[in-house]
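Novice: This is entry.txt, which holds compact mmCIF, C-alpha atoms and all ligand atoms:
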```
# COMPACT_ATOMS: atom_id res chain seq x y z
CA VAL A 25 18.85 16.40 -0.79
CA ALA A 26 19.31 16.87 2.95
CA CYS A 27 15.75 18.12 3.30
CA LEU A 28 14.35 15.12 1.47
CA SER A 29 16.13 12.49 3.50
CA GLN A 30 14.34 12.82 6.77
CA GLU A 31 15.76 10.17 9.06
CA PHE A 32 13.70 7.67 11.00
CA ASP A 33 14.47 4.85 13.41
CA PHE A 34 12.42 1.88 12.26
CA PHE A 35 9.26 0.90 10.37
CA TYR A 36 5.96 -0.39 11.60
CA PHE A 37 4.70 -3.04 9.20
CA VAL A 38 0.95 -2.89 9.75
CA GLN A 39 -1.50 -5.55 8.62
CA GLN A 40 -5.25 -5.31 8.93
CA TRP A 41 -7.95 -7.92 9.42
CA PRO A 42 -10.66 -7.12 6.83
CA GLY A 43 -13.37 -8.71 8.98
CA ALA A 44 -12.80 -6.08 11.66
CA TYR A 45 -12.51 -3.17 9.23
CA CYS A 46 -15.79 -4.09 7.59
CA ASP A 47 -17.62 -4.86 10.80
CA THR A 48 -16.67 -1.66 12.56
CA LYS A 49 -17.13 0.65 9.61
CA GLN A 50 -20.47 -1.10 9.16
CA SER A 51 -19.96 -0.44 5.54
CA CYS A 52 -16.81 -1.26 3.73
CA CYS A 53 -16.61 -1.56 -0.02
CA TYR A 54 -15.00 -4.45 -1.83
CA PRO A 55 -12.60 -3.61 -4.64
CA LYS A 56 -13.87 -3.83 -8.19
CA THR A 57 -11.93 -7.09 -8.51
CA GLY A 58 -14.24 -8.67 -5.94
CA LYS A 59 -14.24 -9.70 -2.29
CA PRO A 60 -10.65 -10.08 -1.07
CA THR A 61 -9.63 -13.50 0.23
CA ALA A 62 -10.14 -14.01 3.95
CA ASP A 63 -6.59 -13.11 4.92
CA PHE A 64 -4.78 -10.30 6.64
CA SER A 65 -3.89 -7.56 4.19
CA ILE A 66 -1.35 -4.79 4.21
CA HIS A 67 -2.23 -1.40 5.65
CA GLY A 68 1.20 0.09 5.35
CA LEU A 69 4.89 0.36 6.11
CA TRP A 70 5.29 3.37 8.37
CA PRO A 71 8.54 5.11 9.31
CA ASN A 72 8.64 5.80 13.04
CA TYR A 73 10.85 7.26 15.74
CA ASN A 74 11.96 5.41 18.84
CA ASP A 75 10.03 7.83 21.06
CA GLY A 76 6.75 6.75 19.44
CA SER A 77 6.27 9.82 17.25
CA TRP A 78 6.54 9.72 13.48
CA PRO A 79 7.17 11.88 10.44
CA SER A 80 4.51 12.23 7.77
CA ASN A 81 4.05 13.76 4.31
CA CYS A 82 7.75 14.39 3.99
CA ASP A 83 8.02 15.32 0.32
CA PRO A 84 5.23 17.07 -1.57
CA ASP A 85 7.38 16.85 -4.71
CA SER A 86 7.32 13.05 -4.73
CA VAL A 87 3.85 12.22 -5.97
CA PHE A 88 2.70 8.64 -6.34
CA ASP A 89 3.61 7.38 -9.80
CA LYS A 90 1.83 4.18 -10.72
CA SER A 91 4.14 3.56 -13.68
CA GLN A 92 6.88 2.77 -11.15
CA ILE A 93 4.93 -0.12 -9.68
CA SER A 94 3.23 -1.55 -12.76
CA HIS A 95 5.07 -4.84 -12.23
CA LEU A 96 3.57 -5.09 -8.73
CA ILE A 97 -0.08 -4.32 -9.41
CA SER A 98 -1.45 -7.87 -9.40
CA SER A 99 0.33 -8.65 -6.14
CA MET A 100 -0.83 -5.33 -4.66
CA GLU A 101 -4.44 -6.04 -5.62
CA LYS A 102 -4.22 -9.37 -3.83
CA ASN A 103 -2.18 -8.39 -0.77
CA TRP A 104 -2.94 -4.67 -0.33
CA PRO A 105 -6.61 -4.19 -1.25
CA SER A 106 -8.49 -1.08 -0.22
CA LEU A 107 -11.74 -1.68 1.64
CA SER A 108 -12.84 1.91 2.08
CA CYS A 109 -15.84 3.32 0.25
CA PRO A 110 -16.49 4.05 -2.51
CA SER A 111 -15.14 0.89 -4.08
CA SER A 112 -11.68 1.46 -5.50
CA ASN A 113 -8.94 -0.31 -7.37
CA GLY A 114 -6.42 0.46 -4.63
CA MET A 115 -4.62 3.33 -6.34
CA ARG A 116 -5.99 5.92 -3.95
CA PHE A 117 -5.00 3.91 -0.88
CA TRP A 118 -1.50 3.17 -2.24
CA SER A 119 -1.05 6.78 -3.26
CA HIS A 120 -2.07 7.92 0.24
CA GLU A 121 0.33 5.46 1.87
CA TRP A 122 3.22 6.54 -0.37
CA GLU A 123 2.66 10.24 0.12
CA LYS A 124 1.97 10.12 3.87
CA HIS A 125 4.47 7.44 4.92
CA GLY A 126 6.64 6.27 2.02
CA THR A 127 7.98 9.75 1.28
CA CYS A 128 9.49 9.76 4.78
CA ALA A 129 11.62 6.71 3.98
CA GLN A 130 13.22 7.95 0.77
CA SER A 131 16.65 8.01 2.38
CA GLU A 132 16.36 4.20 2.31
CA LEU A 133 13.86 3.20 -0.36
CA ASP A 134 12.58 4.69 -3.59
CA GLN A 135 8.98 4.20 -4.59
CA SER A 136 9.24 0.80 -6.24
CA GLU A 137 11.59 -0.44 -3.51
CA TYR A 138 9.14 0.74 -0.87
CA PHE A 139 6.24 -1.24 -2.30
CA GLU A 140 8.43 -4.25 -3.11
CA ALA A 141 9.78 -4.37 0.44
CA THR A 142 6.28 -4.19 1.88
CA LEU A 143 5.01 -7.04 -0.30
CA LYS A 144 8.04 -9.15 0.65
CA LEU A 145 7.28 -8.65 4.32
CA LYS A 146 3.72 -9.86 3.77
CA GLU A 147 5.13 -13.00 2.12
CA LYS A 148 7.45 -13.57 5.06
CA VAL A 149 4.87 -13.14 7.79
CA ASN A 150 1.83 -15.36 7.39
CA LEU A 151 -0.26 -14.18 10.32
CA LEU A 152 -3.27 -16.28 9.44
CA ARG A 153 -1.21 -19.48 9.49
CA ILE A 154 0.62 -18.46 12.65
CA LEU A 155 -2.65 -17.86 14.47
CA LYS A 156 -4.25 -21.01 13.10
CA ASN A 157 -1.31 -23.07 14.35
CA ALA A 158 -2.13 -21.75 17.81
CA GLY A 159 -5.80 -22.63 17.44
CA ILE A 160 -6.85 -19.03 16.83
CA GLU A 161 -9.21 -18.67 13.88
CA ALA A 162 -11.55 -16.08 12.41
CA ASP A 163 -14.69 -17.71 13.71
CA ASP A 164 -16.32 -14.88 15.68
CA GLU A 165 -14.97 -16.45 18.89
CA PHE A 166 -13.14 -14.56 21.63
CA TYR A 167 -9.48 -15.14 22.47
CA THR A 168 -7.40 -13.57 25.18
CA LEU A 169 -5.19 -10.70 24.08
CA ASN A 170 -2.28 -12.61 25.61
CA SER A 171 -2.91 -15.73 23.55
CA ILE A 172 -2.94 -13.69 20.33
CA THR A 173 0.20 -11.77 21.27
CA ASN A 174 2.02 -14.94 22.33
CA ALA A 175 1.09 -16.85 19.19
CA ILE A 176 2.54 -14.11 16.98
CA LYS A 177 5.60 -13.88 19.21
CA GLU A 178 6.15 -17.63 18.82
CA GLY A 179 5.52 -17.51 15.08
CA THR A 180 7.67 -14.51 14.19
CA GLY A 181 10.15 -14.33 17.06
CA PHE A 182 9.01 -10.81 17.96
CA THR A 183 6.36 -9.28 20.18
CA PRO A 184 3.69 -7.58 18.06
CA GLY A 185 1.52 -4.60 18.81
CA ILE A 186 -2.16 -5.44 18.61
CA GLU A 187 -4.75 -2.82 17.75
CA CYS A 188 -8.41 -3.43 18.35
CA ASN A 189 -11.54 -1.62 17.39
CA ARG A 190 -15.07 -2.04 18.64
CA ASP A 191 -18.09 -3.28 16.76
CA SER A 192 -21.56 -1.87 17.25
CA ALA A 193 -22.06 -4.21 20.22
CA HIS A 194 -18.84 -2.76 21.76
CA ASN A 195 -16.94 -6.02 21.37
CA SER A 196 -13.19 -5.55 21.22
CA GLN A 197 -12.08 -6.96 17.87
CA LEU A 198 -8.73 -7.87 16.36
CA TYR A 199 -8.13 -5.10 13.81
CA GLN A 200 -4.44 -4.51 13.15
CA VAL A 201 -1.12 -6.19 13.91
CA TYR A 202 2.05 -4.07 14.15
CA LEU A 203 5.46 -5.63 13.65
CA CYS A 204 8.71 -3.71 13.57
CA VAL A 205 11.18 -3.72 10.71
CA ASP A 206 14.69 -2.34 10.30
CA THR A 207 15.18 0.83 8.23
CA SER A 208 16.13 -1.17 5.13
CA GLY A 209 12.61 -2.60 5.14
CA SER A 210 13.81 -6.19 5.04
CA ASP A 211 14.13 -7.72 8.51
CA LEU A 212 11.82 -7.91 11.48
CA ILE A 213 13.29 -6.45 14.65
CA GLN A 214 12.19 -6.17 18.25
CA CYS A 215 9.92 -3.13 18.54
CA PRO A 216 11.66 -0.14 20.16
CA VAL A 217 8.21 1.08 21.20
CA LEU A 218 4.78 -0.44 20.80
CA PRO A 219 1.59 1.45 20.04
CA LYS A 220 -0.75 1.60 23.01
CA SER A 221 -3.17 -1.31 22.86
CA LYS A 222 -6.80 -0.41 23.31
CA CYS A 223 -7.86 -4.04 23.31
CA GLY A 224 -9.95 -5.58 26.00
CA GLU A 225 -8.75 -8.71 27.80
CA GLN A 226 -10.99 -10.74 25.49
CA VAL A 227 -10.68 -10.07 21.80
CA GLN A 228 -13.07 -11.25 19.11
CA PHE A 229 -11.62 -12.54 15.83
CA PRO A 230 -14.50 -11.78 13.48
CA LYS A 231 -15.35 -13.79 10.40
CA PHE A 232 -14.81 -12.22 7.00
P1 LIG A 301 -5.44 6.44 14.06
O1 LIG A 301 -5.55 7.84 14.56
O2 LIG A 301 -6.66 5.92 13.36
O3 LIG A 301 -4.84 5.46 15.02
O4 LIG A 301 -4.35 6.52 12.91
C1 LIG A 301 -4.54 7.36 11.82
C2 LIG A 301 -3.33 7.31 10.94
O5 LIG A 301 -2.20 7.83 11.64
C3 LIG A 301 -2.89 5.93 10.51
O6 LIG A 301 -3.57 5.50 9.36
C4 LIG A 301 -1.44 6.13 10.24
O7 LIG A 301 -1.28 6.75 8.98
C5 LIG A 301 -1.04 7.10 11.31
N1 LIG A 301 -0.53 6.43 12.52
C6 LIG A 301 -1.26 6.07 13.62
N2 LIG A 301 -0.45 5.53 14.55
C7 LIG A 301 0.81 5.55 14.02
C8 LIG A 301 2.08 5.15 14.53
O8 LIG A 301 2.24 4.67 15.65
N3 LIG A 301 3.13 5.33 13.69
C9 LIG A 301 3.00 5.86 12.45
N4 LIG A 301 4.11 5.99 11.70
N5 LIG A 301 1.83 6.28 11.97
C10 LIG A 301 0.75 6.11 12.73
P1 LIG A 302 -3.42 13.47 19.01
O1 LIG A 302 -3.22 14.88 19.48
O2 LIG A 302 -4.81 12.96 19.15
O3 LIG A 302 -2.37 12.51 19.51
O4 LIG A 302 -3.15 13.50 17.44
C1 LIG A 302 -3.82 14.39 16.60
C2 LIG A 302 -3.50 14.04 15.17
O5 LIG A 302 -2.08 14.09 14.97
C3 LIG A 302 -3.94 12.63 14.77
O6 LIG A 302 -4.39 12.68 13.43
C4 LIG A 302 -2.70 11.81 14.90
O7 LIG A 302 -2.74 10.72 13.99
C5 LIG A 302 -1.61 12.80 14.56
N1 LIG A 302 -0.35 12.54 15.27
C6 LIG A 302 -0.19 12.23 16.59
N2 LIG A 302 1.11 12.03 16.86
C7 LIG A 302 1.76 12.22 15.69
C8 LIG A 302 3.15 12.16 15.32
O8 LIG A 302 4.07 11.87 16.09
N3 LIG A 302 3.45 12.44 14.01
C9 LIG A 302 2.48 12.75 13.11
N4 LIG A 302 2.85 13.01 11.86
N5 LIG A 302 1.18 12.83 13.43
C10 LIG A 302 0.84 12.56 14.69
P1 LIG A 303 -3.41 5.96 7.31
O1 LIG A 303 -3.58 7.44 7.18
O2 LIG A 303 -3.84 5.44 8.61
O3 LIG A 303 -2.11 5.43 6.82
O4 LIG A 303 -4.47 5.32 6.27
C1 LIG A 303 -5.82 5.46 6.44
C2 LIG A 303 -6.40 6.12 5.19
O5 LIG A 303 -6.46 5.19 4.11
C3 LIG A 303 -7.79 6.63 5.43
O6 LIG A 303 -7.95 7.82 4.71
C4 LIG A 303 -8.64 5.52 4.85
O7 LIG A 303 -9.89 5.99 4.39
C5 LIG A 303 -7.81 5.06 3.67
N1 LIG A 303 -8.06 3.66 3.31
C6 LIG A 303 -8.39 3.21 2.09
N2 LIG A 303 -8.54 1.88 2.10
C7 LIG A 303 -8.31 1.46 3.35
C8 LIG A 303 -8.32 0.18 3.98
O8 LIG A 303 -8.59 -0.87 3.38
N3 LIG A 303 -8.01 0.15 5.30
C9 LIG A 303 -7.71 1.28 6.01
N4 LIG A 303 -7.42 1.15 7.31
N5 LIG A 303 -7.70 2.50 5.45
C10 LIG A 303 -7.99 2.59 4.14
```
Would you give me this structure, written as structure tokens?
Ligand code: 5GP
Ligand code: 5GP
Ligand code: 5GP
Specialist:
Amino acid sequence: VACLSQEFDFFYFVQQWPGAYCDTKQSCCYPKTGKPTADFSIHGLWPNYNDGSWPSNCDPDSVFDKSQISHLISSMEKNWPSLSCPSSNGMRFWSHEWEKHGTCAQSELDQSEYFEATLKLKEKVNLLRILKNAGIEADDEFYTLNSITNAIKEGTGFTPGIECNRDSAHNSQLYQVYLCVDTSGSDLIQCPVLPKSKCGEQVQFPKF
């Protein structure tokens, strides 16, 4: 068991803005259930070390088993859709996330607990509402990186990491928001280390 329970220091809870994923990839593919609602969606819950490095693919013997999350599927389809191509029902994305990241948190959470904890975090943190309250909306307008960071800090109590990508016109776009979570997967904490932001000073919040 010692080999399975690789320790880690905290989680990154990572949410993505579908408008940026689809714009930058130029092609994204909607799930078979249709275009997701215009909201942030879950990318993953990633075990991390305080020095910024992270474990991955910790247990080849723990394959993704969809029967363990059958009670979560409708919520996963809504809150954790996969936008990569070809169009998918999410299973491949969830399987990838479990095997790459979730298996490194098995000292704390089994498979159903891992997905349950991630969905609960999404319920707790309504990024779209937090940003809207600060006048920041997905309207193709540009906002300062500081205003986005500060709005989320006000709304959650914790400083987020913001990841941007660039569209074909090289605009810096709001792509992913990183928040930190304790090893039980339940409470937000102050980030021990933030991912390096590659955002410009002005960040576009693209429509979806
Ligand atoms: P990218 O190289 O596109 O930034 O990230 C590729 C993949 O590496 C991500 O999908 C994620 O699985 C992993 N990754 C990137 N940055 C981090 C990080 O700071 N912490 C963890 N745990 N994984 C990361
Ligand atoms: P780079 O050398 O560009 O930092 O990373 C090369 C590859 O290793 C990328 O796919 C990146 O996501 C991954 N990588 C970088 N740092 C870490 C780490 O601390 N842990 C793991 N598992 N992968 C990493
Ligand atoms: P990571 O390795 O960074 O945790 O996850 C990225 C992997 O998940 C890539 O192989 C990517 O193709 C796949 N993937 C499937 N659906 C999505 C999605 O909606 N967003 C992102 N960022 N990656 C997705």
Novice: Would you list the residues that come within 9 Å of ligand LIG 301 (chain A)? Count only C-alpha atoms and all ligand atoms and give the answer as a list in words.
Specialist: Phe35, Tyr36, His67, Gly68, Leu69, Trp70, Pro71, Asn72, Tyr73, Gly76, Ser77, Trp78, Pro79, Ser80, His120, Glu121, Lys124, His125, Glu187, Tyr202, Val217, Leu218, Pro219 and Lys220 of chain A
Novice: Could you check which residues have any atom within 12 Å of (-11.4, -11.8, 18.1), counting all atoms listed in the file with coordinates taken straight from the file, and then list them as a PyMOL selection string?
Specialist: chain A and resi 41+43-44+47+155+160-172+186-191+195-200+223-232
Novice: Ranking A:Ala193, A:Leu133, A:Cys128, A:Cys52 by minimum distance to ligand LIG 303 (chain A) and counting only C-alpha atoms and all ligand atoms, which one comes first?
Specialist: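 Of A:Ala193, A:Leu133, A:Cys128, A:Cys52, the one nearest ligand LIG 303 (chain A), counting only C-alpha atoms and all ligand atoms, is A:Cys52.
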Novice: When you draw a straight line from CA of Asn150 (chain A) to CA of Asn103 (chain A), how long is it in Å?
Specialist: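 Spanning CA of Asn150 (chain A) to CA of Asn103 (chain A) is a straight-line distance of 11.5 Å.
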Novice: Report, in Å with one decimal, the straight-line distance from CA of Gly185 (chain A) to atom O3 of ligand LIG 302 (chain A).
Specialist: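 Separation between CA of Gly185 (chain A) and atom O3 of ligand LIG 302 (chain A): 17.6 Å.
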Novice: Which value, in Å to one decimal, gives the distance between atom N3 of ligand LIG 303 (chain A) and CA of Leu143 (chain A)?
Specialist: 15.9 Å
Novice: Using all atoms listed in the file, what residues lie at most 8 Å away from (-0.6, -17.7, 18.4) (file coordinates), given as a list in words?
Specialist: Ile154, Leu155, Lys156, Asn157, Ala158, Gly159, Ile160, Ser171, Ile172, Thr173, Asn174, Ala175, Ile176, Lys177, Glu178 and Gly179 of chain A
Novice: Pick the closest to ligand LIG 303 (chain A) from A:Leu107, A:Ile97, A:Leu152, A:Val38: which is it, counting only C-alpha atoms and all ligand atoms?
Specialist: A:Leu107
Novice: Please determine, counting all atoms listed in the file, which residue among A:Met115, A:Val201, A:Leu212, A:Cys82 has the shortest atom-to-atom distance to ligand LIG 302 (chain A).
Specialist: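 The closest residue to ligand LIG 302 (chain A) is A:Cys82.
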Novice: Considering only C-alpha atoms, can you say which of A:Ser192, A:Ser98, A:Thr183, A:Ser91 comes closest to Ser136 (chain A)?
Specialist: A:Ser91
Novice: From the set A:Thr207, A:Ser65, A:Ser221, A:Ser112, which residue has the shortest atom-to-atom contact distance to Gly126 (chain A), counting all atoms listed in the file?
Specialist: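 Using all atoms listed in the file, Gly126 (chain A) sits closest to A:Thr207.
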Novice: Using all atoms listed in the file, which of A:Glu31, A:Glu123, A:Asp75, A:Glu140 sits nearest ligand LIG 303 (chain A)?
Specialist: A:Glu123
